[in-house]
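Heads up, upload_27.pdb below (PDB, C-alpha atoms):
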ATOM      1  CA  VAL A   1     102.640  88.351 107.990  1.00  0.00           C
ATOM      2  CA  ALA A   2     101.470  87.330 104.515  1.00  0.00           C
ATOM      3  CA  ALA A   3     103.782  84.318 104.533  1.00  0.00           C
ATOM      4  CA  MET A   4     102.457  83.146 107.871  1.00  0.00           C
ATOM      5  CA  ALA A   5      98.869  83.545 106.747  1.00  0.00           C
ATOM      6  CA  SER A   6      99.459  81.262 103.774  1.00  0.00           C
ATOM      7  CA  GLU A   7     100.913  78.556 106.022  1.00  0.00           C
ATOM      8  CA  PRO A   8      98.261  77.852 108.656  1.00  0.00           C
ATOM      9  CA  SER A   9     100.303  74.993 110.125  1.00  0.00           C
ATOM     10  CA  THR A  10     102.850  77.508 111.474  1.00  0.00           C
ATOM     11  CA  GLN A  11     100.222  79.463 113.411  1.00  0.00           C
ATOM     12  CA  SER A  12      98.858  78.253 116.701  1.00  0.00           C
ATOM     13  CA  ARG A  13      95.308  79.239 117.521  1.00  0.00           C
ATOM     14  CA  VAL A  14      93.399  79.375 120.747  1.00  0.00           C
ATOM     15  CA  MET A  15      89.644  79.189 120.358  1.00  0.00           C
ATOM     16  CA  PHE A  16      86.999  79.899 122.942  1.00  0.00           C
ATOM     17  CA  GLN A  17      83.445  78.705 122.660  1.00  0.00           C
ATOM     18  CA  ALA A  18      80.764  81.263 123.259  1.00  0.00           C
ATOM     19  CA  ALA A  19      77.568  79.802 124.679  1.00  0.00           C
ATOM     20  CA  ASP A  20      75.251  82.174 122.824  1.00  0.00           C
ATOM     21  CA  LYS A  21      77.165  82.725 119.556  1.00  0.00           C
ATOM     22  CA  THR A  22      77.693  79.497 117.659  1.00  0.00           C
ATOM     23  CA  GLU A  23      77.642  80.955 114.136  1.00  0.00           C
ATOM     24  CA  GLU A  24      80.731  83.150 114.563  1.00  0.00           C
ATOM     25  CA  PRO A  25      83.524  82.282 112.071  1.00  0.00           C
ATOM     26  CA  ALA A  26      86.518  80.462 113.543  1.00  0.00           C
ATOM     27  CA  HIS A  27      89.120  82.537 111.660  1.00  0.00           C
ATOM     28  CA  ARG A  28      90.100  86.165 112.104  1.00  0.00           C
ATOM     29  CA  LYS A  29      89.747  88.598 109.251  1.00  0.00           C
ATOM     30  CA  LEU A  30      93.277  89.420 108.094  1.00  0.00           C
ATOM     31  CA  GLY A  31      94.348  92.470 106.139  1.00  0.00           C
ATOM     32  CA  LYS A  32      91.769  94.932 107.431  1.00  0.00           C
ATOM     33  CA  LEU A  33      94.235  97.788 106.936  1.00  0.00           C
ATOM     34  CA  THR A  34      94.996  96.861 103.342  1.00  0.00           C
ATOM     35  CA  VAL A  35      91.290  96.625 102.579  1.00  0.00           C
ATOM     36  CA  LYS A  36      90.728 100.211 103.712  1.00  0.00           C
ATOM     37  CA  TYR A  37      94.020 101.491 102.308  1.00  0.00           C
ATOM     38  CA  ASN A  38      95.429  99.947  99.159  1.00  0.00           C
ATOM     39  CA  ARG A  39      98.788  98.262  99.803  1.00  0.00           C
ATOM     40  CA  LYS A  40     100.359 100.158  96.869  1.00  0.00           C
ATOM     41  CA  ASP A  41      99.191 103.472  98.352  1.00  0.00           C
ATOM     42  CA  LEU A  42     100.696 102.540 101.707  1.00  0.00           C
ATOM     43  CA  GLN A  43     104.008 101.541 100.122  1.00  0.00           C
ATOM     44  CA  ARG A  44     104.098 104.705  97.999  1.00  0.00           C
ATOM     45  CA  ARG A  45     103.466 106.848 101.079  1.00  0.00           C
ATOM     46  CA  LEU A  46     106.183 105.020 103.014  1.00  0.00           C
ATOM     47  CA  ASP A  47     108.624 105.518 100.121  1.00  0.00           C
ATOM     48  CA  ILE A  48     107.807 109.247 100.053  1.00  0.00           C
ATOM     49  CA  GLU A  49     108.302 109.570 103.822  1.00  0.00           C
ATOM     50  CA  GLU A  50     111.682 107.810 103.582  1.00  0.00           C
ATOM     51  CA  TRP A  51     112.643 110.092 100.680  1.00  0.00           C
ATOM     52  CA  ILE A  52     111.646 113.167 102.754  1.00  0.00           C
ATOM     53  CA  ASP A  53     113.758 111.933 105.655  1.00  0.00           C
ATOM     54  CA  GLY A  54     116.806 111.435 103.442  1.00  0.00           C
ATOM     55  CA  GLN A  55     116.372 114.813 101.767  1.00  0.00           C
ATOM     56  CA  LEU A  56     116.063 116.621 105.113  1.00  0.00           C
ATOM     57  CA  HIS A  57     119.418 115.115 106.148  1.00  0.00           C
ATOM     58  CA  LEU A  58     120.942 116.531 102.979  1.00  0.00           C
ATOM     59  CA  LEU A  59     119.221 119.918 103.286  1.00  0.00           C
ATOM     60  CA  PHE A  60     120.196 120.476 106.899  1.00  0.00           C
ATOM     61  CA  ASP A  61     123.523 118.625 106.496  1.00  0.00           C
ATOM     62  CA  CYS A  62     123.314 117.049 109.943  1.00  0.00           C
ATOM     63  CA  GLU A  63     122.345 113.951 111.894  1.00  0.00           C
ATOM     64  CA  GLU A  64     118.686 113.138 112.501  1.00  0.00           C
ATOM     65  CA  GLU A  65     118.836 114.310 116.133  1.00  0.00           C
ATOM     66  CA  GLU A  66     120.103 117.711 114.976  1.00  0.00           C
ATOM     67  CA  ILE A  67     117.394 118.394 112.379  1.00  0.00           C
ATOM     68  CA  PRO A  68     115.130 121.196 113.644  1.00  0.00           C
ATOM     69  CA  GLU A  69     111.671 120.098 114.813  1.00  0.00           C
ATOM     70  CA  LEU A  70     109.953 119.865 111.463  1.00  0.00           C
ATOM     71  CA  GLU A  71     106.856 117.932 110.514  1.00  0.00           C
ATOM     72  CA  ILE A  72     105.836 117.713 106.893  1.00  0.00           C
ATOM     73  CA  ASP A  73     102.262 116.417 106.959  1.00  0.00           C
ATOM     74  CA  ILE A  74     101.457 114.823 103.603  1.00  0.00           C
ATOM     75  CA  ASP A  75      97.702 114.818 104.318  1.00  0.00           C
ATOM     76  CA  GLU A  76      97.818 118.537 105.143  1.00  0.00           C
ATOM     77  CA  LEU A  77      99.612 119.224 101.859  1.00  0.00           C
ATOM     78  CA  LEU A  78      97.049 117.199  99.909  1.00  0.00           C
ATOM     79  CA  GLU A  79      94.280 119.509 101.163  1.00  0.00           C
ATOM     80  CA  LEU A  80      95.996 122.564  99.676  1.00  0.00           C
ATOM     81  CA  THR A  81      96.167 123.899  96.126  1.00  0.00           C
ATOM     82  CA  ASP A  82      99.439 123.460  94.215  1.00  0.00           C
ATOM     83  CA  GLU A  83     100.532 126.977  95.107  1.00  0.00           C
ATOM     84  CA  GLY A  84      99.398 126.492  98.714  1.00  0.00           C
ATOM     85  CA  GLN A  85     101.525 123.343  98.942  1.00  0.00           C
ATOM     86  CA  ARG A  86     104.575 125.205  97.676  1.00  0.00           C
ATOM     87  CA  THR A  87     103.998 128.106 100.094  1.00  0.00           C
ATOM     88  CA  ARG A  88     103.501 125.749 103.070  1.00  0.00           C
ATOM     89  CA  LEU A  89     106.737 123.879 102.302  1.00  0.00           C
ATOM     90  CA  GLN A  90     108.643 127.171 101.986  1.00  0.00           C
ATOM     91  CA  GLU A  91     107.294 128.211 105.405  1.00  0.00           C
ATOM     92  CA  LEU A  92     108.328 124.890 106.971  1.00  0.00           C
ATOM     93  CA  LEU A  93     111.819 125.069 105.478  1.00  0.00           C
ATOM     94  CA  GLN A  94     112.561 128.752 106.169  1.00  0.00           C
ATOM     95  CA  GLU A  95     115.306 127.849 108.696  1.00  0.00           C
ATOM     96  CA  CYS A  96     117.187 125.880 106.040  1.00  0.00           C
ATOM     97  CA  GLY A  97     120.037 127.889 104.546  1.00  0.00           C
ATOM     98  CA  LYS A  98     120.537 125.671 101.503  1.00  0.00           C
ATOM     99  CA  PRO A  99     118.535 125.983  98.261  1.00  0.00           C
ATOM    100  CA  LYS A 100     115.301 124.085  98.791  1.00  0.00           C
ATOM    101  CA  GLU A 101     113.536 124.398  95.423  1.00  0.00           C
ATOM    102  CA  ASP A 102     114.716 120.972  94.228  1.00  0.00           C
ATOM    103  CA  PHE A 103     113.359 119.369  97.409  1.00  0.00           C
ATOM    104  CA  ILE A 104     110.018 121.199  97.134  1.00  0.00           C
ATOM    105  CA  ASN A 105     109.644 120.350  93.432  1.00  0.00           C
ATOM    106  CA  GLY A 106     110.599 116.729  94.100  1.00  0.00           C
ATOM    107  CA  LEU A 107     108.101 116.365  96.935  1.00  0.00           C
ATOM    108  CA  LEU A 108     105.257 118.026  95.020  1.00  0.00           C
ATOM    109  CA  TYR A 109     105.945 115.688  92.089  1.00  0.00           C
ATOM    110  CA  ARG A 110     105.933 112.630  94.364  1.00  0.00           C
ATOM    111  CA  ILE A 111     102.654 113.432  96.149  1.00  0.00           C
ATOM    112  CA  LYS A 112     100.708 113.972  92.919  1.00  0.00           C
ATOM    113  CA  GLY A 113      97.878 111.445  92.821  1.00  0.00           C
ATOM    114  CA  LEU A 114      98.196 110.413  96.481  1.00  0.00           C
ATOM    115  CA  ARG A 115      94.996 110.198  98.467  1.00  0.00           C
ATOM    116  CA  LYS A 116      94.463 111.572 101.948  1.00  0.00           C
ATOM    117  CA  MET A 117      94.624 108.797 104.555  1.00  0.00           C
ATOM    118  CA  SER A 118      93.371 110.359 107.765  1.00  0.00           C
ATOM    119  CA  GLY A 119      89.599 110.494 108.027  1.00  0.00           C
ATOM    120  CA  PRO A 120      87.123 108.682 105.805  1.00  0.00           C
ATOM    121  CA  LEU A 121      88.212 107.785 102.299  1.00  0.00           C
ATOM    122  CA  LYS A 122      86.313 109.452  99.501  1.00  0.00           C
ATOM    123  CA  LYS A 123      85.533 107.196  96.562  1.00  0.00           C
TER     124      LYS A 123
END

Write the structure described by the file as structure tokens, please.
Amino acid sequence: VAAMASEPSTQSRVMFQAADKTEEPAHRKLGKLTVKYNRKDLQRRLDIEEWIDGQLHLLFDCEEEEIPELEIDIDELLELTDEGQRTRLQELLQECGKPKEDFINGLLYRIKGLRKMSGPLKK
């Protein structure tokens, strides 16, 4: 999307004239999501979610379709204390027979400094 935005000749635009609003800008505001959420934060969160997915495959030693219904909510974890985060992850992973401490420690390390994304951002 960023490449297309820098090359306006590759985008076709359809414009409508409004009879009562002549001062409205002709271009759309791009990047609304990255204004509200920093692009680095979004990429970091995506990287963490991909890491979680890969680790769950290793922990449960099975294909994605066979992993038990398990949702690790990063925003929920961020609301908890460090010990609360650890306890919540242990509860979520109780069906896993393999040692899970490395996964829990790795995830807690990775989410340090992340900000909650759902709801209004606190500055």

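Atom pair CA of Asn38 (chain A) / CA of Gly113 (chain A): separated by 13.4 Å.
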
**Message:** I'd like to see the residues matched by the PyMOL selection byres ((chain A and resi 112) around 12) on this file, and ideally I'd get them as an MDAnalysis selection string.
**Reply:** chainID A and resid 41 44:45 48 74:75 77:82 85 105:111 113:116

**Prompt:** Please, what distance in Å, to one decimal, runs between CA of Leu89 (chain A) and CA of His57 (chain A)?
**Reply:**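 CA of His57 (chain A) lies 15.9 Å from CA of Leu89 (chain A).
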
**Asked** Quick one: distance from CA of Arg86 (chain A) to CA of Arg39 (chain A) in Å, one decimal?
**Response**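 Between CA of Arg86 (chain A) and CA of Arg39 (chain A) the gap is 27.6 Å.
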
**Request:** Check the smallest atom-to-atom distance from each of A:Gln90, A:Met117, A:Glu49, A:Asp61 to Asp102 (chain A) using all atoms listed in the file, then report the winner.
**Result:** A:Gln90

**Asked** Can you tell me, as number ranges by chain, which residues sit within 12 Å of (121.6, 123.7, 102.6) in the file's frame, using all atoms listed in the file?
**Response** A: 55-62, 67, 93-103

Store the residues of this selection in a file with C-alpha atoms, as a PDB file, in the coordinates of the input.
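Generated file (out-v2.pdb):
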ATOM      1  CA  GLN A  55     116.372 114.813 101.767  1.00  0.00           C
ATOM      2  CA  LEU A  56     116.063 116.621 105.113  1.00  0.00           C
ATOM      3  CA  HIS A  57     119.418 115.115 106.148  1.00  0.00           C
ATOM      4  CA  LEU A  58     120.942 116.531 102.979  1.00  0.00           C
ATOM      5  CA  LEU A  59     119.221 119.918 103.286  1.00  0.00           C
ATOM      6  CA  PHE A  60     120.196 120.476 106.899  1.00  0.00           C
ATOM      7  CA  ASP A  61     123.523 118.625 106.496  1.00  0.00           C
ATOM      8  CA  CYS A  62     123.314 117.049 109.943  1.00  0.00           C
ATOM      9  CA  ILE A  67     117.394 118.394 112.379  1.00  0.00           C
ATOM     10  CA  LEU A  93     111.819 125.069 105.478  1.00  0.00           C
ATOM     11  CA  GLN A  94     112.561 128.752 106.169  1.00  0.00           C
ATOM     12  CA  GLU A  95     115.306 127.849 108.696  1.00  0.00           C
ATOM     13  CA  CYS A  96     117.187 125.880 106.040  1.00  0.00           C
ATOM     14  CA  GLY A  97     120.037 127.889 104.546  1.00  0.00           C
ATOM     15  CA  LYS A  98     120.537 125.671 101.503  1.00  0.00           C
ATOM     16  CA  PRO A  99     118.535 125.983  98.261  1.00  0.00           C
ATOM     17  CA  LYS A 100     115.301 124.085  98.791  1.00  0.00           C
ATOM     18  CA  GLU A 101     113.536 124.398  95.423  1.00  0.00           C
ATOM     19  CA  ASP A 102     114.716 120.972  94.228  1.00  0.00           C
ATOM     20  CA  PHE A 103     113.359 119.369  97.409  1.00  0.00           C
TER      21      PHE A 103
END

**Prompt:** So, counting all atoms listed in the file, which residue among A:Gly54, A:Lys40, A:Ile104, A:Asp47 is closest to Glu83 (chain A)?
**Reply:** A:Ile104
